[in-house]
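J.: This one is query03.txt, compact mmCIF, C-alpha atoms.
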```
# COMPACT_ATOMS: atom_id res chain seq x y z
CA MET F 246 -35.77 -9.99 -2.04
CA LEU F 247 -34.60 -12.12 -4.95
CA THR F 248 -35.89 -15.64 -5.45
CA ALA F 249 -33.26 -18.40 -5.32
CA LYS F 250 -33.29 -18.48 -9.11
CA GLY F 251 -32.99 -14.69 -9.30
CA ALA F 252 -30.07 -14.71 -6.88
CA ALA F 253 -28.36 -17.39 -8.96
CA THR F 254 -28.78 -15.35 -12.15
CA ARG F 255 -27.49 -12.23 -10.45
CA ARG F 256 -24.49 -14.16 -9.18
CA ARG F 257 -23.89 -15.60 -12.67
CA ILE F 258 -23.83 -12.09 -14.13
CA ILE F 259 -21.39 -10.90 -11.45
CA ASP F 260 -19.08 -13.88 -11.91
CA GLY F 261 -19.18 -13.46 -15.69
CA ALA F 262 -18.45 -9.76 -15.41
CA ALA F 263 -15.58 -10.49 -12.97
CA ALA F 264 -14.05 -12.92 -15.46
CA GLU F 265 -14.54 -10.46 -18.32
CA ILE F 266 -12.85 -7.69 -16.32
CA ARG F 267 -9.97 -9.96 -15.31
CA ASP F 268 -9.46 -10.68 -19.04
CA LYS F 269 -10.02 -7.23 -20.55
CA GLY F 270 -9.85 -4.63 -17.79
CA ALA F 271 -12.68 -2.68 -16.19
CA ALA F 272 -12.62 0.23 -18.64
CA THR F 273 -12.76 -1.96 -21.77
CA ALA F 274 -15.29 -4.63 -20.79
CA THR F 275 -18.80 -3.77 -22.03
CA LEU F 276 -22.24 -4.88 -20.88
CA ASP F 277 -22.61 -6.61 -24.27
CA ASP F 278 -19.50 -8.69 -23.51
CA VAL F 279 -20.96 -9.64 -20.14
CA ARG F 280 -24.32 -10.46 -21.73
CA ALA F 281 -22.68 -12.72 -24.32
CA ARG F 282 -20.45 -14.44 -21.77
CA THR F 283 -23.25 -15.12 -19.30
CA SER F 284 -25.99 -15.88 -21.86
CA THR F 285 -28.28 -13.28 -20.39
CA SER F 286 -30.38 -10.62 -22.07
CA LYS F 287 -29.96 -6.89 -21.83
CA SER F 288 -33.24 -6.64 -19.94
CA GLN F 289 -32.06 -9.24 -17.43
CA ILE F 290 -28.87 -7.30 -16.76
CA PHE F 291 -30.81 -4.08 -16.23
CA HIS F 292 -33.33 -5.93 -14.08
CA TYR F 293 -30.58 -6.94 -11.63
CA PHE F 294 -28.44 -3.84 -12.12
CA PRO F 295 -30.76 -0.89 -12.86
CA GLY F 296 -27.76 1.44 -12.55
CA GLY F 297 -26.08 -0.23 -15.52
CA LYS F 298 -22.34 -0.73 -15.83
CA GLU F 299 -21.41 1.31 -12.74
CA GLU F 300 -23.71 -0.68 -10.48
CA LEU F 301 -22.41 -3.93 -11.96
CA LEU F 302 -18.79 -2.82 -11.46
CA LEU F 303 -19.54 -2.10 -7.82
CA ALA F 304 -21.10 -5.53 -7.34
CA VAL F 305 -18.05 -7.14 -8.97
CA ALA F 306 -15.75 -5.10 -6.71
CA ALA F 307 -17.71 -6.30 -3.67
CA ARG F 308 -17.30 -9.88 -4.91
CA GLU F 309 -13.55 -9.42 -5.44
CA ALA F 310 -13.28 -7.97 -1.93
CA GLU F 311 -15.01 -11.09 -0.54
CA ARG F 312 -12.51 -13.21 -2.41
CA VAL F 313 -9.56 -11.44 -0.80
CA LEU F 314 -10.72 -12.83 2.55
CA GLU F 315 -12.00 -16.18 1.23
CA ASP F 316 -8.58 -16.91 -0.23
CA GLN F 317 -7.10 -16.62 3.29
CA GLN F 318 -9.51 -19.19 4.73
CA PRO F 319 -9.74 -21.45 6.65
CA HIS F 320 -6.58 -20.02 8.23
CA LEU F 321 -7.74 -16.43 8.77
CA ASP F 322 -10.57 -17.49 11.07
CA ASP F 323 -8.46 -19.97 13.02
CA LEU F 324 -5.33 -18.12 14.17
CA THR F 325 -5.01 -20.09 17.42
CA THR F 326 -1.40 -21.33 17.28
CA TRP F 327 1.84 -20.05 15.73
CA GLN F 328 1.56 -22.92 13.27
CA ALA F 329 -1.87 -21.60 12.24
CA TRP F 330 -0.35 -18.13 11.78
CA ARG F 331 2.36 -19.62 9.57
CA ASP F 332 -0.26 -21.43 7.48
CA TRP F 333 -2.14 -18.15 7.09
CA ARG F 334 1.10 -16.40 6.12
CA ASP F 335 1.73 -19.05 3.44
CA ALA F 336 -1.83 -18.70 2.10
CA VAL F 337 -1.42 -14.93 1.77
CA ILE F 338 1.91 -15.28 -0.05
CA ARG F 339 0.47 -17.96 -2.34
CA ARG F 340 -2.55 -15.83 -3.21
CA TYR F 341 -0.51 -12.78 -4.14
CA GLU F 342 2.15 -14.80 -5.93
CA GLN F 343 -0.57 -16.17 -8.18
CA GLN F 344 -2.13 -12.76 -8.64
CA GLY F 345 1.16 -11.04 -9.46
CA VAL F 346 1.07 -7.41 -10.53
CA ASN F 347 -2.60 -7.45 -11.51
CA CYS F 348 -5.04 -6.80 -8.70
CA PRO F 349 -8.64 -7.16 -9.94
CA LEU F 350 -9.99 -5.29 -6.93
CA GLY F 351 -7.49 -2.47 -7.40
CA VAL F 352 -8.45 -2.16 -11.07
CA LEU F 353 -12.13 -1.90 -10.14
CA ILE F 354 -11.56 0.62 -7.35
CA THR F 355 -9.51 2.76 -9.76
CA GLU F 356 -12.24 2.53 -12.40
CA LEU F 357 -14.99 3.43 -9.90
CA GLY F 358 -12.83 6.32 -8.66
CA ARG F 359 -10.94 5.59 -5.46
CA SER F 360 -12.33 8.63 -3.66
CA THR F 361 -15.99 8.00 -4.49
CA PRO F 362 -18.14 7.17 -1.43
CA ALA F 363 -19.05 3.74 -2.81
CA ALA F 364 -15.41 2.75 -3.40
CA GLN F 365 -14.34 4.13 -0.03
CA ALA F 366 -17.12 2.26 1.77
CA LEU F 367 -16.09 -0.97 0.09
CA THR F 368 -12.41 -0.54 0.95
CA THR F 369 -13.22 0.45 4.52
CA GLN F 370 -15.43 -2.61 5.01
CA LEU F 371 -12.80 -4.97 3.62
CA ILE F 372 -10.13 -3.52 5.90
CA GLU F 373 -12.43 -3.72 8.93
CA GLN F 374 -13.31 -7.35 8.32
CA TRP F 375 -9.69 -8.31 7.71
CA GLN F 376 -8.58 -6.44 10.82
CA ALA F 377 -11.32 -8.01 12.97
CA ALA F 378 -10.18 -11.50 12.01
CA LEU F 379 -6.53 -10.69 12.79
CA ARG F 380 -7.54 -9.02 16.06
CA ALA F 381 -9.35 -12.18 17.13
CA GLY F 382 -6.19 -14.15 16.40
CA ILE F 383 -3.97 -11.72 18.31
CA LEU F 384 -6.36 -11.74 21.30
CA ARG F 385 -6.20 -15.51 21.30
CA MET F 386 -2.39 -15.49 21.37
CA GLN F 387 -2.51 -12.96 24.20
CA GLU F 388 -4.93 -15.13 26.18
CA THR F 389 -2.60 -18.09 25.95
CA GLY F 390 0.35 -15.88 26.86
CA GLU F 391 1.99 -16.41 23.45
CA ALA F 392 1.93 -12.67 22.72
CA ASP F 393 2.47 -9.73 25.06
CA ARG F 394 -0.87 -8.90 26.73
CA ARG F 395 0.02 -5.22 26.96
CA LEU F 396 -0.25 -4.81 23.17
CA ASP F 397 -3.45 -3.17 21.93
CA ALA F 398 -4.84 -6.05 19.87
CA ASP F 399 -6.87 -3.84 17.54
CA ARG F 400 -4.00 -1.47 16.74
CA THR F 401 -1.65 -4.42 16.32
CA ALA F 402 -4.13 -5.94 13.87
CA ALA F 403 -4.37 -2.58 12.06
CA ALA F 404 -0.58 -2.49 11.76
CA LEU F 405 -0.53 -6.01 10.34
CA VAL F 406 -3.23 -5.18 7.77
CA ALA F 407 -1.19 -2.12 6.76
CA ALA F 408 1.99 -4.18 6.46
CA VAL F 409 0.29 -6.75 4.23
CA GLN F 410 -1.35 -4.02 2.17
CA GLY F 411 2.01 -2.28 1.72
CA GLY F 412 3.70 -5.50 0.68
CA VAL F 413 0.98 -6.08 -1.92
CA VAL F 414 1.30 -2.52 -3.28
CA ILE F 415 5.07 -2.91 -3.58
CA LEU F 416 4.51 -6.22 -5.36
CA MET F 417 2.13 -4.54 -7.79
CA SER F 418 4.57 -1.66 -8.35
CA THR F 419 7.81 -3.60 -8.71
CA GLY F 420 6.80 -7.19 -9.41
CA ALA F 421 8.80 -8.43 -6.38
CA ILE F 422 7.13 -10.32 -3.50
CA GLY F 423 10.07 -9.93 -1.08
CA HIS F 424 8.58 -7.01 0.83
CA LEU F 425 5.33 -8.85 1.47
CA GLU F 426 7.27 -11.84 2.78
CA ALA F 427 9.52 -9.62 4.91
CA ALA F 428 6.51 -7.77 6.31
CA LEU F 429 4.69 -10.94 7.34
CA ASP F 430 7.76 -12.74 8.67
CA THR F 431 9.12 -9.80 10.64
CA PHE F 432 5.76 -8.98 12.14
CA LEU F 433 5.11 -12.55 13.25
CA THR F 434 8.66 -12.95 14.59
CA LEU F 435 8.35 -9.77 16.67
CA LEU F 436 4.86 -10.64 17.88
CA ARG F 437 5.98 -14.08 18.96
CA ALA F 438 9.10 -12.68 20.64
CA SER F 439 6.90 -10.29 22.64
CA GLY F 440 5.21 -13.29 24.25
CA ARG F 441 8.47 -15.05 25.04
CA ALA F 442 9.89 -11.88 26.57
CA ARG F 443 6.90 -11.66 28.93
CA ALA F 444 7.12 -15.33 29.80
CA ARG F 445 10.57 -15.02 31.33
CA MET K 91 26.21 18.41 -18.98
CA LEU K 92 24.03 21.42 -18.31
CA THR K 93 25.49 24.78 -17.35
CA ALA K 94 24.48 26.12 -13.93
CA LYS K 95 21.99 28.39 -15.66
CA GLY K 96 20.69 25.51 -17.76
CA ALA K 97 20.29 23.33 -14.68
CA ALA K 98 18.39 26.13 -12.94
CA THR K 99 16.02 26.52 -15.90
CA ARG K 100 15.46 22.76 -16.08
CA ARG K 101 14.70 22.72 -12.37
CA ARG K 102 12.33 25.67 -12.73
CA ILE K 103 10.40 23.81 -15.43
CA ILE K 104 10.21 20.69 -13.27
CA ASP K 105 9.04 22.61 -10.18
CA GLY K 106 6.47 24.53 -12.25
CA ALA K 107 5.20 21.32 -13.79
CA ALA K 108 5.04 19.71 -10.35
CA ALA K 109 2.92 22.60 -9.04
CA GLU K 110 0.72 22.50 -12.15
CA ILE K 111 0.17 18.77 -11.71
CA ARG K 112 -0.58 19.14 -7.99
CA ASP K 113 -3.25 21.71 -8.98
CA LYS K 114 -4.77 20.10 -12.06
CA GLY K 115 -3.74 16.45 -12.18
CA ALA K 116 -1.21 14.77 -14.45
CA ALA K 117 -3.64 13.94 -17.25
CA THR K 118 -5.06 17.46 -17.51
CA ALA K 119 -1.93 19.62 -17.19
CA THR K 120 -0.56 20.62 -20.60
CA LEU K 121 2.88 21.76 -21.71
CA ASP K 122 1.32 25.14 -22.51
CA ASP K 123 0.22 25.47 -18.88
CA VAL K 124 3.74 24.64 -17.73
CA ARG K 125 5.23 27.10 -20.23
CA ALA K 126 2.94 29.90 -19.03
CA ARG K 127 3.55 29.13 -15.37
CA THR K 128 7.34 28.99 -15.68
CA SER K 129 7.72 31.80 -18.24
CA THR K 130 9.61 29.55 -20.61
CA SER K 131 9.24 29.05 -24.34
CA LYS K 132 8.14 25.91 -26.12
CA SER K 133 11.64 25.51 -27.58
CA GLN K 134 13.17 25.74 -24.09
CA ILE K 135 10.89 23.01 -22.80
CA PHE K 136 11.75 20.75 -25.71
CA HIS K 137 15.42 21.59 -25.31
CA TYR K 138 15.43 20.22 -21.77
CA PHE K 139 12.79 17.53 -22.36
CA PRO K 140 13.14 16.32 -25.96
CA GLY K 141 10.67 13.54 -25.21
CA GLY K 142 7.96 16.11 -24.45
CA LYS K 143 5.28 15.66 -21.82
CA GLU K 144 6.14 12.05 -20.99
CA GLU K 145 9.77 12.88 -20.29
CA LEU K 146 8.75 15.88 -18.21
CA LEU K 147 6.26 13.78 -16.23
CA LEU K 148 9.03 11.31 -15.47
CA ALA K 149 11.33 14.10 -14.27
CA VAL K 150 8.54 15.46 -12.06
CA ALA K 151 7.92 11.97 -10.68
CA ALA K 152 11.63 11.65 -9.85
CA ARG K 153 11.45 15.01 -8.06
CA GLU K 154 8.35 13.97 -6.08
CA ALA K 155 10.13 10.74 -5.11
CA GLU K 156 13.07 12.80 -3.79
CA ARG K 157 10.62 14.87 -1.77
CA VAL K 158 9.18 11.78 -0.08
CA LEU K 159 12.58 11.20 1.52
CA GLU K 160 13.48 14.90 2.01
CA ASP K 161 10.30 15.40 4.02
CA GLN K 162 11.55 12.74 6.48
CA GLN K 163 14.85 14.53 7.05
CA PRO K 164 16.88 15.20 9.09
CA HIS K 165 15.36 12.35 11.11
CA LEU K 166 15.58 9.59 8.51
CA ASP K 167 19.38 9.82 8.32
CA ASP K 168 19.84 10.03 12.07
CA LEU K 169 17.95 7.11 13.61
CA THR K 170 20.39 6.65 16.49
CA THR K 171 18.11 6.75 19.55
CA TRP K 172 14.48 5.80 20.23
CA GLN K 173 13.78 9.53 20.57
CA ALA K 174 15.14 10.01 17.03
CA TRP K 175 12.87 7.20 15.81
CA ARG K 176 9.89 8.90 17.44
CA ASP K 177 10.81 12.21 15.78
CA TRP K 178 10.99 10.40 12.45
CA ARG K 179 7.62 8.76 13.14
CA ASP K 180 6.12 12.20 13.84
CA ALA K 181 7.61 13.67 10.64
CA VAL K 182 6.11 10.85 8.56
CA ILE K 183 2.67 11.28 10.13
CA ARG K 184 2.83 15.05 9.66
CA ARG K 185 3.82 14.72 6.00
CA TYR K 186 0.98 12.38 5.14
CA GLU K 187 -1.54 14.26 7.26
CA GLN K 188 -0.79 17.35 5.19
CA GLN K 189 -0.89 15.41 1.96
CA GLY K 190 -4.20 13.69 2.76
CA VAL K 191 -5.79 11.54 0.08
CA ASN K 192 -3.86 13.08 -2.80
CA CYS K 193 -0.46 11.58 -3.47
CA PRO K 194 1.34 13.54 -6.23
CA LEU K 195 3.80 10.69 -6.82
CA GLY K 196 0.99 8.15 -7.00
CA VAL K 197 -0.85 10.29 -9.54
CA LEU K 198 2.27 10.52 -11.71
CA ILE K 199 3.05 6.82 -11.49
CA THR K 200 -0.53 6.03 -12.49
CA GLU K 201 -0.31 8.46 -15.42
CA LEU K 202 3.03 7.05 -16.59
CA GLY K 203 1.59 3.55 -16.27
CA ARG K 204 2.57 1.74 -13.09
CA SER K 205 3.93 -1.28 -14.93
CA THR K 206 6.11 0.66 -17.40
CA PRO K 207 9.86 0.08 -16.93
CA ALA K 208 10.48 3.78 -16.16
CA ALA K 209 7.82 3.92 -13.45
CA GLN K 210 8.95 0.61 -11.97
CA ALA K 211 12.58 1.74 -11.89
CA LEU K 212 11.59 4.93 -10.09
CA THR K 213 9.47 3.12 -7.50
CA THR K 214 12.16 0.50 -6.95
CA GLN K 215 14.82 3.16 -6.41
CA LEU K 216 12.69 5.09 -3.93
CA ILE K 217 11.95 1.95 -1.93
CA GLU K 218 15.63 0.93 -1.93
CA GLN K 219 16.81 4.33 -0.68
CA TRP K 220 14.11 4.46 1.98
CA GLN K 221 14.89 0.92 3.10
CA ALA K 222 18.66 1.59 3.21
CA ALA K 223 18.14 4.55 5.54
CA LEU K 224 15.90 2.51 7.85
CA ARG K 225 18.34 -0.41 7.73
CA ALA K 226 21.15 1.88 8.89
CA GLY K 227 18.98 2.98 11.80
CA ILE K 228 18.06 -0.59 12.75
CA LEU K 229 21.71 -1.69 12.58
CA ARG K 230 22.59 1.18 14.87
CA MET K 231 19.98 0.13 17.43
CA GLN K 232 21.27 -3.44 17.20
CA GLU K 233 24.86 -2.28 17.77
CA THR K 234 23.86 -0.49 20.94
CA GLY K 235 21.80 -3.49 22.05
CA GLU K 236 18.54 -1.54 21.84
CA ALA K 237 17.11 -3.96 19.28
CA ASP K 238 17.51 -7.73 19.04
CA ARG K 239 20.74 -8.47 17.12
CA ARG K 240 19.29 -11.67 15.68
CA LEU K 241 16.85 -9.72 13.49
CA ASP K 242 17.84 -9.41 9.83
CA ALA K 243 18.21 -5.62 9.60
CA ASP K 244 17.49 -5.44 5.88
CA ARG K 245 14.33 -7.56 6.04
CA THR K 246 13.19 -5.66 9.11
CA ALA K 247 13.68 -2.40 7.20
CA ALA K 248 11.79 -3.88 4.23
CA ALA K 249 8.91 -4.77 6.55
CA LEU K 250 8.86 -1.25 7.97
CA VAL K 251 8.81 0.31 4.49
CA ALA K 252 5.92 -1.99 3.59
CA ALA K 253 4.03 -1.07 6.76
CA VAL K 254 4.41 2.66 6.08
CA GLN K 255 3.46 2.19 2.43
CA GLY K 256 0.37 0.23 3.45
CA GLY K 257 -0.65 2.87 5.97
CA VAL K 258 -0.34 5.53 3.26
CA VAL K 259 -2.39 3.51 0.78
CA ILE K 260 -5.13 2.98 3.37
CA LEU K 261 -5.06 6.72 4.08
CA MET K 262 -5.46 7.46 0.37
CA SER K 263 -8.29 4.92 0.05
CA THR K 264 -10.27 5.75 3.18
CA GLY K 265 -9.10 9.21 4.28
CA ALA K 266 -8.14 7.88 7.74
CA ILE K 267 -4.58 8.07 9.08
CA GLY K 268 -5.12 5.62 11.95
CA HIS K 269 -3.58 2.66 10.14
CA LEU K 270 -0.40 4.55 9.36
CA GLU K 271 -0.09 5.58 13.00
CA ALA K 272 -0.83 2.05 14.21
CA ALA K 273 1.72 0.60 11.79
CA LEU K 274 4.52 2.92 12.91
CA ASP K 275 3.72 2.72 16.63
CA THR K 276 3.30 -1.04 16.73
CA PHE K 277 6.44 -1.66 14.73
CA LEU K 278 8.57 0.61 16.90
CA THR K 279 7.07 -0.81 20.11
CA LEU K 280 7.84 -4.36 19.03
CA LEU K 281 11.31 -3.48 17.78
CA ARG K 282 12.16 -1.76 21.03
CA ALA K 283 10.73 -4.64 23.09
CA SER K 284 12.96 -7.05 21.16
CA GLY K 285 16.00 -5.23 22.55
CA ARG K 286 14.71 -5.22 26.10
CA ALA K 287 13.90 -8.91 25.90
CA ARG K 288 17.51 -9.68 24.89
CA ALA K 289 18.90 -7.42 27.59
CA ARG K 290 17.39 -9.43 30.43
```
Turn the structure described in the file into structure tokens.
T.:
Amino acid sequence: MLTAKGAATRRRIIDGAAAEIRDKGAATATLDDVRARTSTSKSQIFHYFPGGKEELLLAVAAREAERVLEDQQPHLDDLTTWQAWRDWRDAVIRRYEQQGVNCPLGVLITELGRSTPAAQALTTQLIEQWQAALRAGILRMQETGEADRRLDADRTAAALVAAVQGGVVILMSTGAIGHLEAALDTFLTLLRASGRARAR
Amino acid sequence: MLTAKGAATRRRIIDGAAAEIRDKGAATATLDDVRARTSTSKSQIFHYFPGGKEELLLAVAAREAERVLEDQQPHLDDLTTWQAWRDWRDAVIRRYEQQGVNCPLGVLITELGRSTPAAQALTTQLIEQWQAALRAGILRMQETGEADRRLDADRTAAALVAAVQGGVVILMSTGAIGHLEAALDTFLTLLRASGRARAR
């Protein structure tokens, strides 16, 4: 267990490394850069990250993954009305518009090696958390009869995560956000229509 | 213009390079490997690809992009009934099941540099062709009243391309195909339900 002060130092190193990597890229940023930026010593960095740069990169990736979900709050955890879903949709678009073609998490996952167990575990966890939040929202809309109750909420949430993910990848590959917008809008339109169809 | 024989040689070099890259990776494969594999001379390779390895990589990437769509045929160009859509869905799943976590096109795009104009143009063209084929299918289902006519066919097709793309990326990141299946199934279920809702 870290003391409160230790946890704060560790967090300062991670945030400094995240900023360094956003500026320079994961391959180019060095531990010396991170040390200078965060005013920490080499021994402090190795105290918190005995595995060196790789362990630090993984901690930064975990932090960037947290941010993906944080940037969708408070909407993601409150998908109780179609208006709330629209607000969430707008937050997602805004986040990725600001981010543009550079995805800090993607850069880190690539640097760690996408098929390494650590990178896979991180990606899997992010997707599961994202999907669980969307599933809760879909279940809620089903309970109130706003979405068709016969839909499998978990698979519907998985499809929505995939659609968002695909829109982001197309944005990163082409620079255009239209597919992400189309994916979110179409999905929500169809989901909402499924409820109306049942209500008749 | 190439002669028929010239075109055949060029194609043989591209196919050999594609196989070499599928085996070894785009960064590791050398022009000498390609030359040995295709029984061509250095001067032949430079005759057809004056820009050397980079130009050859781009030609291979264009070929792999063609294959993405070819592997969905004949279904992709014949989305005229829900059964045809299901056959297409199965072909997509089968293709990516076989491919698993290794995407030859993705490897090439990464090697060329995803944000280079050539790589972006290639990705954009692939997405446009894919989307156009799906749009034609959606329009057809709208004409026969099987899908809601109020949906924007092009945006709906864009959303479907994004959903498939996202499912593939999640497969490549986690090794699990469930998100791709969920994306396709949910999308087709909702699209079909939109037609039934209108028909009442």
J.: Which residues come within 8 Å of range 419-435 of chain F, counting only C-alpha atoms, excluding same-chain residues fewer than 3 positions away, as a tab-separated table (two decimals) with C-alpha atoms, in the frame of the given file?
T.:
```tsv
chain	number	residue	atom	x	y	z
F	330	TRP	CA	-0.35	-18.13	11.78
F	334	ARG	CA	1.10	-16.40	6.12
F	338	ILE	CA	1.91	-15.28	-0.05
F	342	GLU	CA	2.15	-14.80	-5.93
F	345	GLY	CA	1.16	-11.04	-9.46
F	346	VAL	CA	1.07	-7.41	-10.53
F	405	LEU	CA	-0.53	-6.01	10.34
F	408	ALA	CA	1.99	-4.18	6.46
F	409	VAL	CA	0.29	-6.75	4.23
F	411	GLY	CA	2.01	-2.28	1.72
F	412	GLY	CA	3.70	-5.50	0.68
F	413	VAL	CA	0.98	-6.08	-1.92
F	415	ILE	CA	5.07	-2.91	-3.58
F	416	LEU	CA	4.51	-6.22	-5.36
F	438	ALA	CA	9.10	-12.68	20.64
F	439	SER	CA	6.90	-10.29	22.64
K	205	SER	CA	3.93	-1.28	-14.93
K	210	GLN	CA	8.95	0.61	-11.97
K	211	ALA	CA	12.58	1.74	-11.89
K	213	THR	CA	9.47	3.12	-7.50
K	214	THR	CA	12.16	0.50	-6.95
K	245	ARG	CA	14.33	-7.56	6.04
K	246	THR	CA	13.19	-5.66	9.11
K	248	ALA	CA	11.79	-3.88	4.23
K	249	ALA	CA	8.91	-4.77	6.55
K	250	LEU	CA	8.86	-1.25	7.97
K	252	ALA	CA	5.92	-1.99	3.59
K	253	ALA	CA	4.03	-1.07	6.76
K	277	PHE	CA	6.44	-1.66	14.73
K	280	LEU	CA	7.84	-4.36	19.03
K	281	LEU	CA	11.31	-3.48	17.78
K	284	SER	CA	12.96	-7.05	21.16
```
J.: Calculate how many Å separate CA of Ala237 in chain K from CA of Arg385 in chain F, rounding to one decimal.
T.: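 Separating CA of Ala237 in chain K from CA of Arg385 in chain F is a distance of 26.1 Å.
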J.: Could you tell me which of F:Ile290, F:Ala378, F:Leu303, F:Leu367 comes closest to chain K if we count all atoms listed in the file?
T.: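 Once distances to chain K are computed over all atoms listed in the file, the minimum belongs to F:Leu367.
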J.: So that I can check the surroundings of range 157-173 of chain K, please list as an mmCIF file with C-alpha atoms, in the frame of the given file every protein, DNA and RNA residue that reaches within 8 Å of it, counting only C-alpha atoms and ignoring chain neighbours fewer than 6 positions away.
T.:
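Result file follows (around.cif):
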```cif
data_model
loop_
_atom_site.group_PDB
_atom_site.id
_atom_site.type_symbol
_atom_site.label_atom_id
_atom_site.label_comp_id
_atom_site.auth_asym_id
_atom_site.auth_seq_id
_atom_site.Cartn_x
_atom_site.Cartn_y
_atom_site.Cartn_z
ATOM 1 C CA ALA K 181 7.610 13.670 10.640
ATOM 2 C CA VAL K 182 6.110 10.850 8.560
ATOM 3 C CA ARG K 185 3.820 14.720 6.000
ATOM 4 C CA TRP K 220 14.110 4.460 1.980
ATOM 5 C CA ALA K 223 18.140 4.550 5.540
ATOM 6 C CA LEU K 224 15.900 2.510 7.850
ATOM 7 C CA ALA K 226 21.150 1.880 8.890
ATOM 8 C CA GLY K 227 18.980 2.980 11.800
ATOM 9 C CA ILE K 228 18.060 -0.590 12.750
ATOM 10 C CA ARG K 230 22.590 1.180 14.870
ATOM 11 C CA MET K 231 19.980 0.130 17.430
ATOM 12 C CA ARG K 282 12.160 -1.760 21.030
#
```
J.: Rank K:Asp105, K:Glu218, K:Glu233, K:Asp177 by their smallest atom-to-atom distance to chain F, using all atoms listed in the file, and report the top residue only.
T.: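 Ranking K:Asp105, K:Glu218, K:Glu233, K:Asp177 by distance to chain F, first place goes to K:Glu218.
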J.: Find the spatial neighbours of range 267-284 of chain F, counting all atoms listed in the file, within a cut-off of 8 Å - ignore same-chain residues fewer than 5 positions away - and output them as a PyMOL selection string.
T.: chain F and resi 257-258+261-262+290+298+302+349+352-353+356
J.: May I ask for the distance between CA of Ala155 in chain K and CA of Leu216 in chain K, given in Å to one decimal place?
T.: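 CA of Leu216 in chain K lies at a distance of 6.3 Å from CA of Ala155 in chain K.
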